[in-house]
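J.: Pasting a structure here, questions to come.
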Amino acid sequence: MYVIRTNGGVGGGALRDAPLSRLGVMKTIFYNRTPYLAAQLTVPQCFIDLDEFYDPLVPDVSRIPGAVHLQHAENICRRMGDIDLYALFINDAEAHPDYFWAATIIASYLVGFFGACKSLFDAASVFLADRHALGLANRDQDMGKGRFWNSLQGRSAKSFARFKTFRPLCDQVILWRDASVHRTTPLVLVHSPGPPERASREAIFVRMVATPGATANSVIDIPDAVTWLGPLDLYNAWRPSLVALCSEICVEIKESLRP
């Protein structure tokens with residue numbers, strides 16, 4: 001494992017204000033098989049609201065034509081839960097006393113995190129394809145593809161307008177996911193103001209290169225020319241929009257079930 005020596009601490013990345021307290025109770029079955037229950041993570045408000053919407057319909061929801069939307073609700077909730085779960089793992093690893101272990105395991109967690117983010121967009125695409133009967137092949141039920149957007153626009157201008165604002169983030173997620181899964185694990189290194197064995201743990205940081213697909217050979221000799229991120233910086237930047245995506249899906253689910 002490489003060590004990048006810096007002239008002090010590197011800011012950002014710590015999970016200070018993100019909602020990862022261990023709390024969450026819901027009544028409806030779409031929540032039961034998600035990390036929000038398994039890891040007792042705080043549930044985003046949109047799922048609480050959807051839970052309240054569903055509550056009068058359960059257990060009789062299985063008898064109505066819209067029952068399939070419980071499966072979509074679980075899929076969306078579970079994918080967002082995966083994202084928050086990886087963030088929790090990364091947050092805990094950052095505080096590990098062995099900073100080399102932390103850098104190694106965080107890099108692996110980031111692969112899972114980027115994959116989970118793409119999976120959320122895929123779950124949203126699958127729901128919208130079903131909701132609006134887009135008639136797309138499985139491979140085209142993907143917010144990263146123009147065919148999906150063209151089909152959605154043709155079937156529902158309202159839904160297209162509602163979700164098109166998420167496309168730039170989806171493209172960014174795909175960039176990181178593809179680089180992490182298909183090329184190389186995110187480059188995560190130890191930063192220290194000097195030899196790490198002489199520094200306090202509080203002065204040592206774990207940071208990732210802010211370039212998808214970066215390799216050690218491209219940065220190790222010129223650390224001052226590299227942009228660094230805290231391991232949770234992208235999570236903190238993306239999460240509000242990811243939760244907003246979930247909120248819009250929950251609205252569509254409710255709309256699809258109302259008379």
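Ligands are numbered from 1 in the order shown, residues from 1 within each chain, and chains are lettered A, B, ... in the order they appear in the structure tokens.
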Using only C-alpha atoms, which residues sit within 9 Å of Leu169 of chain A once same-chain residues fewer than 3 positions away are excluded, as a PyMOL selection string?

T.: chain A and resi 165-166+172-174+238+241-242

J.: From the DSSP assignment of the backbone, select every residue of segment 79-200 of chain A that is alpha helix (DSSP H), and format the answer as an NGL selection string.

T.: :A and (79-94 or 99-131 or 146-155 or 157-163 or 167-178)

J.: To one decimal in Å, tell me the separation between atom CA of Phe53 of chain A and atom CA of Gln153 of chain A.

T.: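 Computed distance, atom CA of Phe53 of chain A to atom CA of Gln153 of chain A, equals 27.5 Å.
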
J.: Using DSSP secondary structure from the backbone, list all strand (DSSP E or B) positions within segment 75-232 of chain A, as a list in words.

T.: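 Here are the strand (DSSP E or B) residues of segment 75-232 of chain A: Val188, Leu189, Val190, His191, Ser192, Phe205, Val206, Arg207, Met208, Val209, Trp228 and Leu229 of chain A.
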
J.: Applying 12 Å and only C-alpha atoms, which residues near Val188 of chain A remain after dropping the ones on its own chain fewer than 3 positions away? List them as a PyMOL selection string.

T.: chain A and resi 1-4+90+94+99-111+180+184-185+191+205-216+219-220+228-232

J.: Go ahead and save the picked residues with C-alpha atoms, as an mmCIF file, in the first residue's frame.

T.:
```
data_model
loop_
_atom_site.group_PDB
_atom_site.id
_atom_site.type_symbol
_atom_site.label_atom_id
_atom_site.label_comp_id
_atom_site.auth_asym_id
_atom_site.auth_seq_id
_atom_site.Cartn_x
_atom_site.Cartn_y
_atom_site.Cartn_z
ATOM 1 C CA MET A 1 0.000 0.000 0.000
ATOM 2 C CA TYR A 2 1.324 3.421 -0.960
ATOM 3 C CA VAL A 3 1.533 6.349 1.417
ATOM 4 C CA ILE A 4 1.006 9.887 0.135
ATOM 5 C CA ILE A 90 -16.956 3.123 4.785
ATOM 6 C CA GLU A 94 -12.270 5.322 8.180
ATOM 7 C CA TYR A 99 -5.016 2.852 8.225
ATOM 8 C CA PHE A 100 -3.568 0.481 5.622
ATOM 9 C CA TRP A 101 -6.369 -1.992 6.323
ATOM 10 C CA ALA A 102 -8.828 0.896 6.106
ATOM 11 C CA ALA A 103 -7.561 2.010 2.692
ATOM 12 C CA THR A 104 -7.731 -1.524 1.319
ATOM 13 C CA ILE A 105 -11.228 -2.348 2.559
ATOM 14 C CA ILE A 106 -12.651 1.080 1.678
ATOM 15 C CA ALA A 107 -11.572 0.605 -1.932
ATOM 16 C CA SER A 108 -13.571 -2.627 -2.041
ATOM 17 C CA TYR A 109 -16.563 -1.002 -0.371
ATOM 18 C CA LEU A 110 -16.473 1.748 -3.002
ATOM 19 C CA VAL A 111 -16.849 -0.825 -5.774
ATOM 20 C CA SER A 180 -14.642 0.369 -10.816
ATOM 21 C CA THR A 184 -9.775 -1.038 -11.775
ATOM 22 C CA THR A 185 -10.804 -0.693 -8.148
ATOM 23 C CA HIS A 191 -2.241 10.366 3.493
ATOM 24 C CA PHE A 205 -6.337 10.262 6.400
ATOM 25 C CA VAL A 206 -7.554 7.789 3.827
ATOM 26 C CA ARG A 207 -8.307 9.437 0.468
ATOM 27 C CA MET A 208 -9.328 8.360 -3.013
ATOM 28 C CA VAL A 209 -8.235 9.765 -6.350
ATOM 29 C CA ALA A 210 -11.062 11.799 -7.884
ATOM 30 C CA THR A 211 -10.580 10.200 -11.305
ATOM 31 C CA PRO A 212 -12.484 7.075 -12.341
ATOM 32 C CA GLY A 213 -10.063 4.350 -13.388
ATOM 33 C CA ALA A 214 -6.973 6.029 -11.909
ATOM 34 C CA THR A 215 -3.940 3.802 -11.381
ATOM 35 C CA ALA A 216 -1.099 4.112 -8.891
ATOM 36 C CA VAL A 219 -0.396 9.519 -9.408
ATOM 37 C CA ILE A 220 2.241 8.215 -7.030
ATOM 38 C CA TRP A 228 -8.296 13.860 -3.866
ATOM 39 C CA LEU A 229 -11.656 13.015 -2.342
ATOM 40 C CA GLY A 230 -12.681 11.705 1.009
ATOM 41 C CA PRO A 231 -14.120 8.196 0.644
ATOM 42 C CA LEU A 232 -17.614 9.516 1.401
#
```

J.: Just to confirm, what's the straight-line distance from atom CA of His69 of chain A to atom CA of Ser119 of chain A in Å (one decimal)?

T.: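 Calculated distance between atom CA of His69 of chain A and atom CA of Ser119 of chain A is 17.5 Å.
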